[in-house]
file run-v7.cif (mmCIF, N, CA and C atoms)
data_coords
loop_
_atom_site.label_atom_id
_atom_site.label_comp_id
_atom_site.auth_asym_id
_atom_site.auth_seq_id
_atom_site.Cartn_x
_atom_site.Cartn_y
_atom_site.Cartn_z
N MET A 707 265.73 191.85 10.83
CA MET A 707 265.26 190.49 10.68
C MET A 707 263.73 190.51 10.58
N ARG A 708 263.23 189.89 9.57
CA ARG A 708 261.79 189.88 9.34
C ARG A 708 261.20 188.55 9.84
N THR A 709 259.95 188.64 10.20
CA THR A 709 259.24 187.43 10.59
C THR A 709 258.31 187.03 9.46
N ILE A 710 257.82 185.84 9.53
CA ILE A 710 256.91 185.35 8.50
C ILE A 710 255.64 186.20 8.48
N GLN A 711 255.18 186.58 9.66
CA GLN A 711 253.94 187.37 9.76
C GLN A 711 254.10 188.72 9.06
N THR A 712 255.24 189.40 9.26
CA THR A 712 255.42 190.71 8.61
C THR A 712 255.54 190.57 7.10
N GLU A 713 256.16 189.51 6.62
CA GLU A 713 256.26 189.32 5.18
C GLU A 713 254.91 189.03 4.55
N LEU A 714 254.06 188.27 5.24
CA LEU A 714 252.72 188.00 4.73
C LEU A 714 251.90 189.28 4.66
N VAL A 715 252.07 190.16 5.64
CA VAL A 715 251.34 191.43 5.64
C VAL A 715 251.82 192.29 4.48
N GLN A 716 253.12 192.32 4.23
CA GLN A 716 253.66 193.14 3.15
C GLN A 716 253.18 192.66 1.79
N LYS A 717 253.07 191.35 1.61
CA LYS A 717 252.64 190.80 0.32
C LYS A 717 251.11 190.82 0.17
N GLY A 718 250.41 191.17 1.23
CA GLY A 718 248.96 191.28 1.15
C GLY A 718 248.24 189.96 1.36
N LEU A 719 248.91 188.96 1.87
CA LEU A 719 248.28 187.67 2.08
C LEU A 719 247.62 187.56 3.45
N SER A 720 247.95 188.48 4.33
CA SER A 720 247.38 188.44 5.68
C SER A 720 247.08 189.86 6.12
N LYS A 721 246.12 190.01 7.00
CA LYS A 721 245.78 191.33 7.53
C LYS A 721 246.71 191.66 8.69
N LYS A 722 246.98 192.94 8.83
CA LYS A 722 247.83 193.39 9.91
C LYS A 722 247.07 193.30 11.23
N VAL A 723 247.73 192.76 12.23
CA VAL A 723 247.09 192.58 13.53
C VAL A 723 247.48 193.75 14.43
N LYS A 724 246.49 194.42 15.00
CA LYS A 724 246.76 195.52 15.91
C LYS A 724 246.67 195.01 17.33
N GLY A 725 247.78 194.72 17.93
CA GLY A 725 247.80 194.28 19.32
C GLY A 725 247.05 192.96 19.48
N GLN A 726 246.75 192.63 20.68
CA GLN A 726 246.02 191.41 20.96
C GLN A 726 244.54 191.74 21.12
N ALA A 727 243.74 190.82 20.68
CA ALA A 727 242.29 191.00 20.85
C ALA A 727 241.96 190.89 22.33
N SER A 728 241.16 191.81 22.81
CA SER A 728 240.83 191.79 24.23
C SER A 728 239.82 190.68 24.51
N LYS A 729 240.16 189.83 25.43
CA LYS A 729 239.26 188.75 25.81
C LYS A 729 238.51 189.20 27.05
N ARG A 730 237.25 188.87 27.08
CA ARG A 730 236.46 189.22 28.25
C ARG A 730 236.85 188.32 29.40
N ARG A 731 236.94 188.92 30.56
CA ARG A 731 237.29 188.16 31.74
C ARG A 731 236.12 187.31 32.19
N GLN A 732 236.44 186.10 32.59
CA GLN A 732 235.40 185.23 33.10
C GLN A 732 235.13 185.61 34.55
N PRO A 733 233.89 185.48 34.98
CA PRO A 733 233.59 185.82 36.38
C PRO A 733 234.33 184.88 37.32
N LYS A 734 234.81 185.44 38.42
CA LYS A 734 235.55 184.64 39.38
C LYS A 734 234.61 183.68 40.09
N MET A 735 235.08 182.47 40.28
CA MET A 735 234.27 181.45 40.94
C MET A 735 234.37 181.65 42.45
N GLN A 736 233.23 181.65 43.11
CA GLN A 736 233.20 181.77 44.55
C GLN A 736 233.33 180.38 45.16
N MET A 737 234.26 180.22 46.06
CA MET A 737 234.46 178.93 46.71
C MET A 737 233.63 178.88 47.98
N GLY A 738 233.06 177.73 48.24
CA GLY A 738 232.27 177.55 49.44
C GLY A 738 233.15 177.34 50.66
N ARG A 739 232.53 177.40 51.81
CA ARG A 739 233.26 177.25 53.07
C ARG A 739 233.91 175.87 53.17
N LEU A 740 233.18 174.82 52.77
CA LEU A 740 233.72 173.47 52.86
C LEU A 740 234.89 173.26 51.91
N GLU A 741 234.84 173.88 50.73
CA GLU A 741 235.95 173.77 49.78
C GLU A 741 237.21 174.42 50.34
N ILE A 742 237.05 175.59 50.95
CA ILE A 742 238.20 176.29 51.52
C ILE A 742 238.78 175.51 52.69
N GLU A 743 237.91 174.95 53.54
CA GLU A 743 238.40 174.16 54.66
C GLU A 743 239.10 172.90 54.18
N GLY A 744 238.62 172.32 53.09
CA GLY A 744 239.26 171.14 52.53
C GLY A 744 240.66 171.45 52.02
N LEU A 745 240.83 172.61 51.39
CA LEU A 745 242.15 173.01 50.92
C LEU A 745 243.10 173.31 52.07
N MET A 746 242.55 173.84 53.16
CA MET A 746 243.38 174.16 54.31
C MET A 746 243.74 172.91 55.11
N GLY A 747 243.00 171.83 54.91
CA GLY A 747 243.32 170.59 55.61
C GLY A 747 242.71 170.50 56.99
N ILE A 748 241.59 171.14 57.22
CA ILE A 748 240.97 171.13 58.55
C ILE A 748 240.39 169.77 58.88
N ASN A 749 239.81 169.10 57.89
CA ASN A 749 239.13 167.84 58.16
C ASN A 749 240.01 166.61 57.94
N ARG A 750 241.32 166.76 57.93
CA ARG A 750 242.21 165.63 57.74
C ARG A 750 242.28 164.79 59.01
N PRO A 751 242.56 163.50 58.86
CA PRO A 751 242.72 162.67 60.04
C PRO A 751 244.00 163.04 60.79
N THR A 752 243.97 162.91 62.11
CA THR A 752 245.14 163.23 62.92
C THR A 752 245.78 161.93 63.41
N TYR A 753 247.07 161.97 63.59
CA TYR A 753 247.83 160.81 64.02
C TYR A 753 248.72 161.18 65.20
N PRO A 754 248.18 161.12 66.43
CA PRO A 754 249.01 161.44 67.60
C PRO A 754 249.91 160.26 67.98
N ARG A 755 250.95 160.54 68.74
CA ARG A 755 251.83 159.47 69.22
C ARG A 755 251.26 158.90 70.52
N VAL A 756 251.20 157.60 70.57
CA VAL A 756 250.76 156.89 71.77
C VAL A 756 251.83 155.84 72.07
N ARG A 757 252.59 156.07 73.14
CA ARG A 757 253.68 155.19 73.54
C ARG A 757 254.71 155.01 72.42
N GLY A 758 254.98 156.10 71.70
CA GLY A 758 256.00 156.06 70.65
C GLY A 758 255.49 155.71 69.27
N ALA A 759 254.29 155.13 69.18
CA ALA A 759 253.74 154.73 67.87
C ALA A 759 252.68 155.74 67.44
N PHE A 760 252.55 155.89 66.14
CA PHE A 760 251.52 156.77 65.59
C PHE A 760 250.20 156.02 65.53
N ARG A 761 249.14 156.61 66.09
CA ARG A 761 247.81 156.01 66.05
C ARG A 761 246.84 157.00 65.43
N SER A 762 245.90 156.48 64.68
CA SER A 762 244.90 157.37 64.09
C SER A 762 243.85 157.70 65.13
N LYS A 763 243.40 158.91 65.10
CA LYS A 763 242.44 159.38 66.09
C LYS A 763 241.04 159.33 65.53
#
call {"tool": "encode", "arguments": {"input": "run-v7.cif", "output": "structure tokens"}}
result
Amino acid sequence: MRTIQTELVQKGLSKKVKGQASKRRQPKMQMGRLEIEGLMGINRPTYPRVRGAFRSK
């Protein structure tokens, strides 16, 4: 079974592709301490039970 790409290469309408072009890796982004704590949920509001009801602290 042939693909369109192989038929185009055979007829000379397209260049043969050798593997994938290597893309340069982007530098990894460094996350700050506050961003990491925000993702972990450290600064979220707490809701303890007071006499059976939830109250914000």
call {"tool": "atom_distance", "arguments": {"input": "run-v7.cif", "atom1": "atom C of Gly747 (chain A)", "atom2": "atom N of Ser762 (chain A)"}}
result
16.3 Å
call {"tool": "residues_around", "arguments": {"input": "run-v7.cif", "residues": "Pro751 (chain A)", "least_positions_apart": "2", "cutoff": "6.5 Å", "atoms": "all atoms listed in the file", "output": "ChimeraX atom specification"}}
result
/A:749,753,763
call {"tool": "write_last_selection", "arguments": {"input": "run-v7.cif", "atoms": "N, CA and C atoms", "output": "CSV table (one decimal), in the frame of the given file"}}
result
chain,number,residue,atom,x,y,z
A,749,ASN,N,239.8,169.1,57.9
A,749,ASN,CA,239.1,167.8,58.2
A,749,ASN,C,240.0,166.6,57.9
A,753,TYR,N,247.1,162.0,63.6
A,753,TYR,CA,247.8,160.8,64.0
A,753,TYR,C,248.7,161.2,65.2
A,763,LYS,N,243.4,158.9,65.1
A,763,LYS,CA,242.4,159.4,66.1
A,763,LYS,C,241.0,159.3,65.5
call {"tool": "select_by_dssp", "arguments": {"input": "run-v7.cif", "residues": "chain A", "states": "helix (DSSP H, G or I)", "output": "PyMOL selection string"}}
result
chain A and resi 710-717+739-746
call {"tool": "atom_distance", "arguments": {"input": "run-v7.cif", "atom1": "atom C of Phe760 (chain A)", "atom2": "atom N of Ile748 (chain A)"}}
result
19.3 Å
call {"tool": "select_by_dssp", "arguments": {"input": "run-v7.cif", "residues": "chain A", "states": "strand (DSSP E or B)", "output": "mmCIF file with N, CA and C atoms, in the frame of the given file"}}
result
data_model
loop_
_atom_site.group_PDB
_atom_site.id
_atom_site.type_symbol
_atom_site.label_atom_id
_atom_site.label_comp_id
_atom_site.auth_asym_id
_atom_site.auth_seq_id
_atom_site.Cartn_x
_atom_site.Cartn_y
_atom_site.Cartn_z
ATOM 1 N N ARG A 755 250.950 160.540 68.740
ATOM 2 C CA ARG A 755 251.830 159.470 69.220
ATOM 3 C C ARG A 755 251.260 158.900 70.520
ATOM 4 N N VAL A 756 251.200 157.600 70.570
ATOM 5 C CA VAL A 756 250.760 156.890 71.770
ATOM 6 C C VAL A 756 251.830 155.840 72.070
ATOM 7 N N ALA A 759 254.290 155.130 69.180
ATOM 8 C CA ALA A 759 253.740 154.730 67.870
ATOM 9 C C ALA A 759 252.680 155.740 67.440
ATOM 10 N N PHE A 760 252.550 155.890 66.140
ATOM 11 C CA PHE A 760 251.520 156.770 65.590
ATOM 12 C C PHE A 760 250.200 156.020 65.530
#
call {"tool": "atom_distance", "arguments": {"input": "run-v7.cif", "atom1": "atom N of Glu741 (chain A)", "atom2": "atom N of Pro754 (chain A)"}}
result
24.2 Å
